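Containing compact mmCIF, C-alpha atoms: data08.txt.
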# COMPACT_ATOMS: atom_id res chain seq x y z
CA MET A 1 -0.43 -12.24 -10.43
CA GLU A 2 -0.55 -14.65 -13.35
CA THR A 3 -3.88 -16.08 -14.54
CA LEU A 4 -3.87 -19.44 -16.36
CA THR A 5 -6.38 -21.66 -18.15
CA LYS A 6 -6.61 -25.30 -17.11
CA LYS A 7 -4.30 -26.37 -19.95
CA GLN A 8 -1.76 -23.67 -19.14
CA PHE A 9 -1.95 -24.56 -15.45
CA ALA A 10 -1.36 -28.26 -16.21
CA ASP A 11 1.54 -27.53 -18.58
CA THR A 12 3.19 -25.16 -16.08
CA TRP A 13 3.27 -27.70 -13.27
CA GLY A 14 3.63 -30.90 -15.31
CA LEU A 15 0.10 -32.18 -14.62
CA ASP A 16 -2.18 -34.36 -16.72
CA GLY A 17 -4.66 -31.82 -18.10
CA SER A 18 -6.72 -34.50 -19.86
CA LEU A 19 -8.19 -35.65 -16.52
CA ASN A 20 -11.50 -34.43 -15.07
CA GLY A 21 -13.51 -34.70 -11.86
CA SER A 22 -11.89 -36.23 -8.80
CA LYS A 23 -8.84 -37.38 -10.82
CA TRP A 24 -8.13 -33.80 -11.85
CA GLN A 25 -8.58 -32.71 -8.23
CA GLN A 26 -5.73 -35.08 -7.34
CA GLU A 27 -3.59 -33.33 -9.95
CA GLU A 28 -4.52 -29.95 -8.45
CA LYS A 29 -3.29 -31.18 -5.06
CA LYS A 30 0.11 -31.86 -6.58
CA ALA A 31 0.29 -28.23 -7.67
CA GLN A 32 -0.43 -27.13 -4.08
CA ARG A 33 3.07 -28.29 -3.18
CA LEU A 34 4.55 -25.99 -5.82
CA CYS A 35 2.43 -22.84 -5.63
CA ARG A 36 -0.42 -21.06 -3.89
CA TYR A 37 -3.29 -20.40 -6.25
CA GLU A 38 -6.88 -19.25 -6.36
CA LYS A 39 -9.42 -21.06 -8.54
CA THR A 40 -12.24 -19.03 -10.09
CA GLY A 41 -15.00 -19.55 -12.65
CA LYS A 42 -16.58 -22.86 -13.63
CA THR A 43 -16.33 -25.58 -16.28
CA ARG A 44 -14.72 -24.12 -19.42
CA GLY A 45 -14.34 -20.73 -17.75
CA ILE A 46 -12.18 -21.97 -14.86
CA ARG A 47 -9.04 -19.93 -14.28
CA TYR A 48 -6.11 -20.42 -11.92
CA ASN A 49 -4.75 -17.23 -10.38
CA ILE A 50 -1.16 -17.88 -9.25
CA LEU A 51 -0.64 -15.97 -5.99
CA GLU A 52 2.77 -17.34 -5.01
CA VAL A 53 5.38 -19.74 -6.40
CA TYR A 54 7.35 -21.64 -3.75
CA ASP A 55 11.12 -21.80 -3.93
CA THR A 56 11.06 -25.46 -2.87
CA PRO A 57 8.15 -27.98 -2.94
CA ARG A 58 6.13 -27.95 0.27
CA GLU A 59 5.02 -30.91 2.36
CA MET A 60 1.30 -31.60 2.15
CA ILE A 61 -0.57 -30.57 5.31
CA HIS A 62 -3.89 -32.33 5.71
CA GLY A 63 -5.35 -30.27 8.54
CA ASN A 64 -6.77 -33.39 10.21
CA THR A 65 -4.12 -34.21 12.80
CA GLY A 66 -4.66 -37.57 14.43
CA LYS A 67 -6.96 -38.77 11.66
CA THR A 68 -6.28 -40.72 8.52
CA PRO A 69 -5.23 -38.33 5.71
CA TYR A 70 -7.56 -37.88 2.75
CA ASN A 71 -4.98 -39.22 0.37
CA LYS A 72 -5.35 -42.60 2.09
CA GLY A 73 -8.98 -42.72 0.99
CA LYS A 74 -10.35 -42.50 4.54
CA VAL A 75 -12.65 -39.92 6.08
CA ASP A 76 -13.54 -39.68 9.77
CA GLU A 77 -17.26 -40.38 9.65
CA ASN A 78 -17.64 -39.37 13.30
CA SER A 79 -16.37 -35.86 12.62
CA LEU A 80 -18.85 -33.00 12.78
CA LYS A 81 -18.02 -31.78 9.28
CA TYR A 82 -18.71 -35.26 7.83
CA GLN A 83 -22.07 -35.45 9.61
CA LEU A 84 -22.96 -31.95 8.41
CA ALA A 85 -21.93 -32.86 4.86
CA LYS A 86 -24.15 -35.94 4.98
CA LEU A 87 -27.03 -33.90 6.37
CA LEU A 88 -26.64 -31.37 3.53
CA VAL A 89 -26.69 -34.11 0.89
CA LEU A 90 -29.72 -35.86 2.38
CA SER A 91 -31.62 -32.59 2.77
CA PHE A 92 -30.74 -30.83 -0.50
CA GLY A 93 -29.18 -33.36 -2.87
CA SER A 94 -32.32 -33.61 -5.00
CA ASN A 95 -32.57 -29.82 -5.49
CA SER A 96 -29.69 -29.49 -7.94
CA ASN A 97 -31.12 -26.33 -9.56
CA ASP A 98 -31.47 -24.48 -6.26
CA TYR A 99 -28.30 -22.49 -5.51
CA GLN A 100 -27.87 -21.20 -1.95
CA THR A 101 -25.22 -19.34 0.05
CA LYS A 102 -23.59 -21.11 2.98
CA ASN A 103 -25.55 -18.92 5.43
CA SER A 104 -28.80 -19.84 3.68
CA TYR A 105 -28.03 -23.53 4.08
CA MET A 106 -27.42 -23.06 7.81
CA GLN A 107 -30.70 -21.20 8.19
CA LEU A 108 -32.60 -23.80 6.15
CA LEU A 109 -31.21 -26.53 8.41
CA ASP A 110 -32.05 -24.39 11.46
CA ILE A 111 -28.55 -24.74 12.92
CA LYS A 112 -28.04 -21.02 13.37
CA GLY A 113 -30.75 -19.81 15.73
CA ARG A 114 -31.93 -16.23 16.15
CA ASN A 115 -30.55 -16.13 19.68
CA ILE A 116 -27.01 -16.05 18.29
CA LYS A 117 -27.84 -12.71 16.69
CA HIS A 118 -29.52 -11.47 19.89
CA MET A 119 -26.35 -12.28 21.85
CA GLU A 120 -24.22 -10.48 19.30
CA ASN A 121 -26.39 -7.36 19.55
CA MET A 122 -26.10 -7.50 23.32
CA PHE A 123 -22.36 -6.79 23.08
CA ASP A 124 -22.55 -4.25 20.27
CA GLY A 125 -19.97 -1.50 20.86
CA ILE A 126 -18.58 -3.07 24.04
CA LYS A 127 -14.90 -3.93 24.31
CA TYR A 128 -13.93 -7.39 25.53
CA GLU A 129 -11.46 -6.04 28.12
CA ASP A 130 -14.23 -3.99 29.78
CA LEU A 131 -16.38 -7.05 30.49
CA ASP A 132 -16.64 -8.98 33.74
CA THR A 133 -16.17 -12.73 34.07
CA ALA A 134 -19.48 -14.14 32.87
CA ASP A 135 -19.86 -11.70 30.00
CA LYS A 136 -16.29 -12.40 28.90
CA TYR A 137 -17.18 -16.07 28.74
CA VAL A 138 -20.35 -15.44 26.69
CA PHE A 139 -18.51 -13.05 24.36
CA GLN A 140 -15.72 -15.55 23.65
CA GLN A 141 -18.01 -18.56 23.38
CA LEU A 142 -20.25 -16.73 20.92
CA GLN A 143 -17.27 -15.63 18.83
CA ASN A 144 -15.83 -19.16 18.77
CA THR A 145 -19.22 -20.70 17.93
CA GLN A 146 -19.69 -18.41 14.94
CA LEU A 147 -16.21 -19.25 13.65
CA SER A 148 -16.76 -22.96 14.26
CA LEU A 149 -20.06 -23.02 12.33
CA ASN A 150 -18.47 -21.19 9.41
CA ARG A 151 -15.50 -23.59 9.30
CA LEU A 152 -17.79 -26.62 9.61
CA ILE A 153 -19.99 -25.77 6.64
CA LEU A 154 -16.96 -24.89 4.49
CA GLY A 155 -15.40 -28.20 5.56
CA ALA A 156 -18.64 -30.02 4.72
CA PHE A 157 -18.69 -28.45 1.25
CA ASP A 158 -15.08 -29.51 0.78
CA LEU A 159 -15.89 -33.13 1.67
CA ILE A 160 -18.69 -33.18 -0.92
CA ARG A 161 -16.41 -31.46 -3.45
CA ARG A 162 -13.76 -34.15 -2.91
CA GLY A 163 -16.18 -36.93 -3.85
CA THR A 164 -16.67 -38.32 -0.33
CA PHE A 165 -20.18 -39.51 -1.25
CA PRO A 166 -20.18 -41.54 -4.50
CA GLY A 167 -22.39 -39.99 -7.17
CA VAL A 168 -22.77 -36.71 -5.27
CA THR A 169 -21.21 -33.51 -6.59
CA LEU A 170 -21.00 -29.92 -5.39
CA HIS A 171 -21.55 -27.18 -7.96
CA GLU A 172 -20.46 -23.62 -7.28
CA GLN A 173 -21.41 -20.38 -9.01
CA LEU A 174 -19.87 -16.97 -8.59
CA PHE A 175 -22.44 -14.21 -8.04
CA VAL A 176 -21.96 -10.47 -8.15
CA ALA A 177 -23.82 -7.70 -6.32
CA PHE A 178 -24.01 -4.27 -7.89
CA HIS A 179 -24.40 -0.87 -6.25
CA ASP A 180 -28.06 -0.71 -7.30
CA GLU A 181 -28.54 -3.80 -5.03
CA SER A 182 -29.22 -6.13 -7.98
CA HIS A 183 -27.59 -9.57 -7.99
CA ASP A 184 -26.71 -11.89 -10.85
CA ASN A 185 -24.51 -14.78 -11.94
CA ALA A 186 -21.11 -13.19 -12.57
CA ASN A 187 -20.41 -15.35 -15.62
CA ASP A 188 -23.67 -14.25 -17.24
CA VAL A 189 -23.31 -10.49 -16.87
CA LEU A 190 -19.58 -9.69 -16.72
CA ASP A 191 -17.16 -9.77 -19.66
CA GLU A 192 -14.12 -10.84 -17.60
CA PRO A 193 -15.53 -12.27 -14.34
CA GLU A 194 -12.31 -14.06 -13.36
CA VAL A 195 -10.24 -10.88 -13.73
CA LEU A 196 -12.72 -8.76 -11.78
CA TYR A 197 -13.12 -11.41 -9.07
CA SER A 198 -9.36 -11.70 -8.68
CA LEU A 199 -9.14 -7.91 -8.30
CA TYR A 200 -11.95 -7.98 -5.72
CA LYS A 201 -10.16 -10.71 -3.71
CA GLN A 202 -7.06 -8.52 -3.70
CA ALA A 203 -9.07 -5.61 -2.28
CA GLN A 204 -10.72 -7.89 0.26
CA ALA A 205 -7.34 -9.23 1.45
CA GLU A 206 -6.11 -5.66 1.92
CA ALA A 207 -9.28 -4.80 3.81
CA LYS A 208 -8.88 -7.81 6.13
CA GLN A 209 -5.37 -6.74 7.05
CA ASN A 210 -6.47 -3.14 7.67
CA ILE A 211 -9.29 -4.27 9.99
CA LYS A 212 -6.95 -6.61 11.85
CA ASN A 213 -4.44 -3.80 12.32
CA GLU A 214 -7.09 -1.41 13.64
CA TYR A 215 -9.35 -3.67 15.70
CA GLY A 216 -7.32 -6.77 16.49
CA THR A 217 -9.00 -10.18 16.48
CA SER A 218 -11.44 -10.01 19.43
CA MET A 219 -14.70 -9.47 17.59
CA PHE A 220 -17.59 -11.55 16.36
CA PHE A 221 -17.30 -13.23 12.97
CA ALA A 222 -20.33 -11.39 11.55
CA THR A 223 -19.13 -8.04 12.95
CA ARG A 224 -15.66 -8.53 11.51
CA MET A 225 -17.06 -9.45 8.10
CA ASN A 226 -19.24 -6.33 8.07
CA LEU A 227 -16.21 -4.17 8.89
CA ILE A 228 -14.14 -5.91 6.21
CA ASN A 229 -16.89 -5.39 3.63
CA CYS A 230 -17.15 -1.68 4.47
CA GLU A 231 -13.35 -1.27 4.38
CA CYS A 232 -13.20 -3.17 1.08
CA GLN A 233 -15.78 -0.84 -0.45
CA GLU A 234 -13.82 2.21 0.71
CA LEU A 235 -10.68 0.83 -0.90
CA ILE A 236 -12.50 0.16 -4.15
CA ASP A 237 -13.92 3.69 -4.14
CA SER A 238 -10.62 5.41 -3.35
CA GLU A 239 -7.79 3.35 -4.83
CA ALA A 240 -6.93 3.71 -8.52
CA LYS A 241 -5.75 0.09 -8.71
CA TYR A 242 -9.36 -1.03 -8.11
CA GLN A 243 -10.90 1.36 -10.64
CA LEU A 244 -12.00 -1.53 -12.88
CA LEU A 245 -14.39 -2.69 -10.16
CA ASN A 246 -15.86 0.81 -9.94
CA ASP A 247 -16.20 1.01 -13.71
CA ASN A 248 -18.37 -2.13 -13.60
CA ASP A 249 -20.40 -0.79 -10.63
CA ILE A 250 -19.45 -3.87 -8.54
CA ALA A 251 -20.22 -3.84 -4.81
CA TYR A 252 -19.04 -7.36 -3.95
CA PHE A 253 -18.78 -11.01 -5.05
CA TYR A 254 -20.06 -14.09 -3.27
CA CYS A 255 -20.53 -17.80 -3.96
CA LYS A 256 -23.63 -19.95 -4.13
CA TYR A 257 -23.66 -23.74 -4.03
CA THR A 258 -25.93 -26.58 -5.02
CA ILE A 259 -25.66 -30.30 -4.31
CA ASP A 260 -26.43 -32.85 -7.01
CA GLY A 261 -26.95 -36.52 -6.21
CA VAL A 262 -28.23 -38.77 -3.46
CA ILE A 263 -26.68 -41.12 -0.93
CA GLU A 264 -27.52 -44.76 -1.44
CA ALA A 265 -30.02 -46.15 1.08
CA GLN A 266 -27.52 -48.45 2.78
CA ASP A 267 -25.41 -45.44 3.69
CA VAL A 268 -28.32 -43.65 5.33
CA TYR A 269 -29.51 -46.21 7.84
CA ASP A 270 -28.06 -46.61 11.30
CA TYR A 271 -28.82 -50.29 11.95
CA GLU A 272 -27.92 -50.22 15.64
CA SER A 273 -29.95 -47.15 16.60
CA LEU A 274 -32.90 -48.26 14.48
CA ASN A 275 -32.89 -51.68 16.16
CA TYR A 276 -32.94 -53.59 12.88
CA ASP A 277 -35.05 -56.75 13.21
CA GLY A 278 -34.31 -58.33 9.83
CA SER A 279 -37.22 -56.80 7.95
CA ASP A 280 -36.71 -55.51 4.45
CA MET A 281 -38.23 -52.09 5.16
CA LEU A 282 -36.25 -49.66 7.26
CA GLU A 283 -37.32 -46.18 8.22
CA ALA A 284 -34.39 -43.77 8.15
CA TYR A 285 -34.04 -40.79 10.41
CA SER A 286 -36.08 -37.78 9.37
CA HIS A 287 -34.08 -34.71 8.41
CA GLU A 288 -35.34 -32.99 11.56
CA GLU A 289 -34.05 -35.84 13.73
CA MET A 290 -30.70 -35.81 11.93
CA THR A 291 -30.43 -32.05 12.45
CA ASP A 292 -31.25 -32.46 16.14
CA ASP A 293 -28.62 -35.19 16.42
CA PHE A 294 -26.00 -33.00 14.74
CA MET A 295 -26.84 -30.01 16.94
CA SER A 296 -26.68 -32.17 20.06
CA LYS A 297 -23.16 -33.29 19.15
CA PHE A 298 -22.09 -29.80 18.14
CA THR A 299 -23.38 -28.33 21.42
CA LYS A 300 -21.55 -31.05 23.35
CA HIS A 301 -18.37 -30.13 21.48
CA ARG A 302 -18.80 -26.44 22.32
CA LYS A 303 -19.38 -27.31 26.00
CA GLU A 304 -16.15 -29.29 26.09
CA THR A 305 -14.20 -26.37 24.66
CA SER A 306 -15.87 -23.97 27.10
CA VAL A 307 -14.33 -25.84 30.03
CA LYS A 308 -10.86 -25.00 28.74
CA TYR A 309 -11.77 -21.35 28.30
CA ILE A 310 -13.22 -21.05 31.81
CA ASP A 311 -9.99 -22.53 33.19
CA ARG A 312 -8.07 -19.87 31.28
CA LEU A 313 -10.29 -17.09 32.63
CA PHE A 314 -9.52 -18.15 36.20
CA ASN A 315 -5.81 -18.37 35.41
CA GLU A 316 -5.93 -14.79 34.09
CA GLY A 317 -7.02 -13.48 37.49
CA ILE A 318 -10.60 -12.60 36.59
CA ARG A 319 -12.74 -10.11 38.49
CA GLY A 320 -16.44 -9.63 39.22
CA ASP A 321 -19.53 -11.81 38.84
CA PHE A 322 -19.58 -15.31 40.28
CA LEU A 323 -16.02 -16.43 40.90
CA ASN A 324 -16.83 -20.08 41.39
CA GLN A 325 -15.75 -22.60 38.78
CA GLY A 326 -18.59 -25.04 39.39
CA ILE A 327 -21.22 -22.33 39.01
CA MET A 328 -19.45 -20.98 35.92
CA LEU A 329 -19.55 -24.43 34.29
CA LYS A 330 -23.27 -24.79 34.97
CA PHE A 331 -23.86 -21.27 33.63
CA ALA A 332 -21.82 -22.16 30.51
CA ASP A 333 -24.04 -25.16 29.77
CA GLU A 334 -27.20 -23.05 30.14
CA VAL A 335 -25.84 -20.30 27.88
CA LEU A 336 -25.05 -22.77 25.11
CA GLU A 337 -28.50 -24.32 25.35
CA LEU A 338 -30.02 -20.84 25.01
CA MET A 339 -27.70 -19.85 22.15
CA PHE A 340 -29.12 -22.40 19.69
CA ARG A 341 -32.79 -21.65 20.32
CA ASN A 342 -35.11 -19.19 18.58
CA HIS A 343 -36.84 -16.44 20.56
CA ASP A 344 -37.93 -12.90 19.87
CA VAL A 345 -35.60 -10.36 21.42
CA ALA A 346 -37.82 -9.58 24.45
CA VAL A 347 -38.10 -13.24 25.48
CA PHE A 348 -34.39 -13.78 24.88
CA ASN A 349 -33.43 -10.79 27.04
CA LYS A 350 -35.61 -12.07 29.88
CA LEU A 351 -34.20 -15.60 29.68
CA TYR A 352 -30.60 -14.36 29.54
CA THR A 353 -31.13 -12.00 32.50
CA ASN A 354 -32.65 -14.87 34.48
CA LEU A 355 -29.65 -17.08 33.72
CA MET A 356 -27.27 -14.40 34.95
CA ASP A 357 -29.32 -13.56 38.08
CA ASN A 358 -29.75 -17.21 39.04
CA ALA A 359 -26.01 -17.84 38.75
CA LYS A 360 -25.25 -14.79 40.93
CA ARG A 361 -27.80 -15.84 43.56
CA GLU A 362 -26.35 -19.33 43.60
CA TYR A 363 -22.87 -17.90 44.01
CA HIS A 364 -23.85 -15.62 46.92
CA ALA A 365 -25.80 -18.43 48.60
CA ASP A 366 -22.78 -20.69 48.23
CA LEU A 367 -20.53 -17.94 49.59
CA ALA A 368 -22.80 -17.31 52.59
CA GLU A 369 -22.90 -21.03 53.36
CA SER A 370 -19.10 -21.20 53.23
CA VAL A 371 -18.81 -18.24 55.64
CA THR A 372 -21.36 -19.75 58.05
CA GLN A 373 -19.56 -23.08 57.98
CA GLY A 374 -16.23 -21.36 58.59
CA LEU A 375 -17.56 -19.43 61.58
CA SER A 376 -19.14 -22.60 62.98
CA GLU A 377 -15.82 -24.44 62.77
CA MET A 378 -14.03 -21.51 64.48
CA ASN A 379 -16.54 -21.47 67.38
CA TRP A 380 -16.22 -25.20 67.89

Could you rewrite the structure in this file as C-alpha cells?
Amino acid sequence: METLTKKQFADTWGLDGSLNGSKWQQEEKKAQRLCRYEKTGKTRGIRYNILEVYDTPREMIHGNTGKTPYNKGKVDENSLKYQLAKLLVLSFGSNSNDYQTKNSYMQLLDIKGRNIKHMENMFDGIKYEDLDTADKYVFQQLQNTQLSLNRLILGAFDLIRRGTFPGVTLHEQLFVAFHDESHDNANDVLDEPEVLYSLYKQAQAEAKQNIKNEYGTSMFFATRMNLINCECQELIDSEAKYQLLNDNDIAYFYCKYTIDGVIEAQDVYDYESLNYDGSDMLEAYSHEEMTDDFMSKFTKHRKETSVKYIDRLFNEGIRGDFLNQGIMLKFADEVLELMFRNHDVAVFNKLYTNLMDNAKREYHADLAESVTQGLSEMNW
C-alpha cells in the first residue's frame, strides 16, 4: 500500500494540487475514478493511502438513485440525511471546539433511546433462526434500525463535509485509545499516526472478514462491532505484521467531529408551517421540535420498510405467534414507537411483554370469531 502526500497524490493522478476546500474535494472525486484510497490525518498532515489502482477508469456512482446527483449542485432537502445534517448544524455549529464521536452526537440529540439497547439485550445469545414470527420481526427491525441510524449520521457528516451549507465546515480528528484506557489526539502523541492508522485499518478489515465468515451477517450492528473489535485486538496481539501497533500500546483508533459555522436565518425558517403573517420577527423551531420532527419522519420510514419485511416473513412460511398480517402490522407500529423511547429496563420489559400478550390475545380472539362465524354459516 502506497502512502502519498497531497502534492504527490495530485501529481500521480494529474490533479490541481494548488486548490483547497470544496474545489480540492472535486479534484479528489476525479481520483476516485482511477483508484480506491483512504484519507487520513488533517491539514498539513493529510495522507492518501492507495488501496487499489483500477485498470480502467470507473464510472462515478452517486449512491442516490432517483435523485439529482451531487455533481449537479442539487441536494434532496427532503431526505432524512439532509434533515439530520441541518439539525446537527443548528444544534452544534457554534461549538466548534467541542469534538464528539458520531454516537455522542446521536445521544446528545436523543435520537438513540435506551430502549434500543434493552431490545438488543433481550436477544443476547439467541440465534435468529430459533425465533418465532414476532421475535424475528423485532430482531430484524432492530438490526435494520441500528444500521440505518449509523448510515444516516455518516451521510449527514458527508453532506456537511461537501459544503452543502454555505459557511459551515466539518472538522475531523483522529483519536487513539491505548491499553491503559487513556485516550488522546493521535496527531499529538504518535510519531507516525497515518502509518499506524493505516495498519490498524488493515487489521480491522481482516477482523471484519473473519467475523463475517464465522457468524454471517444476522447480528445487531453494536454486537457485530464489538466482535470485530475483539477479533481485531486478537490479530494485533498475535500477528507479527501488526507488531508496530503493539509496540505503541495501541488498542484502537476512532474519529471525533466538530461542526463550525451557522446556517443563515432564511434557511432555518419554514414559512408555511410557521404561518408567516408578514412580520419581521419569526420564531424558528426549537431544537427539540426539530428533533421530534426528524424522529417522526424516521419512524414513519422504518414503519414503511417493516411492511415489506412482514410480507417476506409470511412468504417464508413462518411459524408460531400471531399469524395474522393485520395484527402483525399493528404490532410492528407499536414496537417502533417503543423502540425510540427511554425507560429503565424493568419498565421496558413490562411494556414489551404487554405488547406481545395483547397481540396474541387479539389474534386468538380474531381466530375464535372466525371459527364461530364459520360454524354459524355451516349450520345455516

Record the distance separating CA of Asn248 in chain A and CA of Leu196 in chain A, expressed in Å with one decimal.
->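 So the two atoms, CA of Asn248 in chain A and CA of Leu196 in chain A, lie 8.9 Å apart.
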
Shell around Trp24 in chain A at 12 Å using all atoms listed in the file, local window under 6 positions removed, as a list in words | Lys6, Lys7, Phe9, Ala10, Leu15, Asp16, Gly17, Ser18, Lys30, Ala31, Arg162 and Gly163 of chain A

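The nearest approach to Lys127 in chain A among the residues A:Met219, A:Gln143, A:Met106, A:Leu245, with only C-alpha atoms taken into account, belongs to A:Met219.
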
Taking all atoms listed in the file into account, which of A:Leu149, A:Glu129, A:Phe157, A:Gly216 comes nearest Gln107 in chain A?
-> A:Leu149

Distance CA of Pro166 in chain A-CA of Gln25 in chain A, one decimal place?
-> 15.0 Å

Could you check which of A:Thr164, A:Gln32, A:Asn349, A:Asn121 is closest to Val75 in chain A, using only C-alpha atoms?
->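 When distances to Val75 in chain A are compared using only C-alpha atoms, the smallest one comes from A:Thr164.
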
When distances are computed from only C-alpha atoms, which of A:Glu288, A:Glu77, A:Asp260, A:Glu334 shows the smallest separation from Asn358 in chain A?
->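 When distances to Asn358 in chain A are compared using only C-alpha atoms, the smallest one comes from A:Glu334.
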
Show which residues sit within 10 Å of Leu170 in chain A, as an MDAnalysis selection string. Count all atoms listed in the file, and ignore same-chain residues fewer than 3 positions away.
-> chainID A and resid 89 93 96 157:163 257:261

Write out as number ranges by chain the residues lying within 12 Å of Ile46 in chain A, counting only C-alpha atoms and excluding same-chain residues fewer than 2 positions away.
-> A: 3-9, 38-44, 48-49, 172-174, 187, 192-195

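Counting all atoms listed in the file, Tyr309 in chain A has the following residues at most 12 Å away, ignoring those fewer than 5 positions along the same chain: Thr133, Ala134, Lys136, Tyr137, Val138, Phe139, Gln140, Gln141, Asn144, Arg302, Lys303, Glu304, Phe314, Asn315, Glu316, Gln325, Met328, Leu329 and Ala332 of chain A.
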
Rank nothing, just name the residue among A:Met339, A:Ala205, A:Leu152, A:Ala186 nearest to Glu231 in chain A, using all atoms listed in the file.
-> A:Ala205
